[in-house]
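K.L.:
One structure coming up, written as structure tokens, with questions to follow.
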Amino acid sequence: MKISTKTHRLFRVQQIIFYVLLVMAIILLANFSKQHDHQWDWTQNSRHTLSETTIEFLQQLDANIDIQIFVSPNNEYQAEAKKLITRYQAHSDQLTIRFINPDFSPDLVRQHNIQQQAEMVITKDEKITHIYDLSDNR
Amino acid sequence: MFTLARYELYRLFLSPLAWIILALSQLILAYLFLTHIDYFVQIQAKISAIPGAPGVTELIAIPLLSNAATIFLLITPLITMRLIAEERRNDSLPLLISAPLSIHQIVLGKYLATFGFFLVLLTLVMLMPLSLLMGSAIDLYQLAASFLGLILLLGSFTAIGLFLSSLTKQPAIAAITTFTCLFLLWIIDWNGNSQVDEQTSLFAWLSLLRHFEPMLQGEIYSSDISYYLIIITTFLLLTIRHLDSKRIN
């Protein structure tokens, strides 16, 4: 095959098309994998999975539950709380979750009388419960 | 393709480089292994009273494999730098290209050979946590998850190294660019660690480390696996593409 200026130019165009398609394919695949995420728990004691009873309880929730979590963005409990709550949220659509930075909303802190980091205020039909600790199992 | 892979692997083990890397990484990891065991023995009495306290797997095996990932990050450039750069410097690349092999066979052959070397290295590393079986029970499932994570991580390291090695004639430059690239992808999500909506950001998705950490903890997400597969395929495709355009021009 004789390689002329024209074939060179065609080749260039082909290169550009290839890279554009590649980037598009990556973005599509990444989004697809994010949307259809599936989790497996490979630990002996299923540390990262909620227990059967919890899942059943979450599925039979009928009224909306509002959870306010008072935690500073850099606090060590922030990631923990988020992980736990996301796990709950996967099984029920009745949970409304709000992370509140206590530094920016002192009036809310005063209103609920918040004592410590990662304290949660759970509201259901005017009933309010405080959870002080992530391992609190009331 | 497999002939080339076998030949490359054979050639790798002819040079002292491969043996020295195997030996020295074992030395460092063995020392770290001992440190973790030492630490565990120290705090064992304190934590034995707590129910659900972390055990041998979480305190020895997982930190060790996490350290191993960092060490692999440092040695990958040394192994991948010669792959194509040296062929180009010795002007033996035209010979390879004119052999009755397509470009993707050449690239895949070289990739498989290097990956095979890393599997040998990884098997040797895995023997350390497995040796704990003699003295205590360990969580084999979690160890398997970490093993899978390390395989995928090494696969991506090799693919990135192979691509950067095809870009230059100088193995040293290939090594430095590979190291920079890997390290950048390692730390890229350190910018906004504390943001609440970090999960969706581009940098968090790009980070090699962020997709690896859940696997160490025994959580396998299909999106993490597909991230590594995307990285591997992309860089292999880029390498094939680059060598192809070299041949035509």
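We label chains A, B, ... in the order they appear in the structure tokens, count residues from 1 in each chain, and number ligands from 1 in the order shown.
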Show me which bits of chain B are within 6 Å of chain A, counting only C-alpha atoms, as a compact mmCIF listing (two decimals) with N, CA and C atoms, in the first residue's frame.

P.N.:
```
# COMPACT_ATOMS: atom_id res chain seq x y z
N ASP B 139 -9.74 -15.64 58.97
CA ASP B 139 -10.92 -15.49 58.12
C ASP B 139 -10.50 -15.67 56.65
N TYR B 141 -12.24 -16.15 54.02
CA TYR B 141 -13.04 -15.43 53.03
C TYR B 141 -12.50 -14.03 52.83
N GLN B 142 -12.22 -13.38 53.96
CA GLN B 142 -11.72 -12.00 53.86
C GLN B 142 -10.35 -11.98 53.18
N SER B 194 -13.24 14.68 53.22
CA SER B 194 -14.28 14.80 54.23
C SER B 194 -15.63 15.23 53.65
N GLY B 218 -13.13 -7.04 52.95
CA GLY B 218 -14.00 -8.16 52.64
C GLY B 218 -15.29 -7.77 51.96
N GLU B 219 -15.38 -6.50 51.54
CA GLU B 219 -16.57 -6.08 50.81
C GLU B 219 -16.25 -6.03 49.33
N ILE B 220 -16.93 -6.86 48.56
CA ILE B 220 -16.69 -6.86 47.12
C ILE B 220 -17.83 -6.11 46.45
N TYR B 221 -17.51 -5.02 45.78
CA TYR B 221 -18.53 -4.29 45.03
C TYR B 221 -18.29 -4.55 43.55
N SER B 222 -19.38 -4.77 42.82
CA SER B 222 -19.19 -5.03 41.39
C SER B 222 -18.62 -3.79 40.70
N SER B 223 -18.91 -2.58 41.24
CA SER B 223 -18.39 -1.38 40.59
C SER B 223 -16.88 -1.28 40.75
```

K.L.:
If we count only C-alpha atoms and set the cut-off at 8 Å, which residues sit around Ala159 in chain B, ignoring sequence neighbours fewer than 6 positions away in its own chain? Please answer as a list in words.

P.N.:
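Skipping anything fewer than 6 positions along the chain leaves Tyr111, Ile231, Ile232, Thr233, Phe235 and Leu236 of chain B.
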
K.L.:
Could you check which of B:Gly149, B:Gly135, B:Pro51, B:Gly109 is closest to Ile225 in chain B, using only C-alpha atoms?

P.N.:
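Looking only at the distances to Ile225 in chain B, the closest residue turns out to be B:Gly149.
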
K.L.:
Mind giving me the straight-line distance from CA of Leu65 in chain B to CA of Leu150 in chain B in Å, one decimal?

P.N.:
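Separating CA of Leu65 in chain B from CA of Leu150 in chain B is a distance of 8.1 Å.
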
K.L.:
Which of range 64-125 of chain A end up as strand (DSSP E) when DSSP is run on this backbone - answer as a list in words?

P.N.:
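Filtering range 64-125 of chain A down to strand (DSSP E) leaves Ile65, Asp66, Ile67, Gln68, Ile69, Phe70, Leu95, Thr96, Ile97, Arg98, Phe99, Ile100, Glu119, Met120, Val121, Ile122, Thr123 and Lys124 of chain A.
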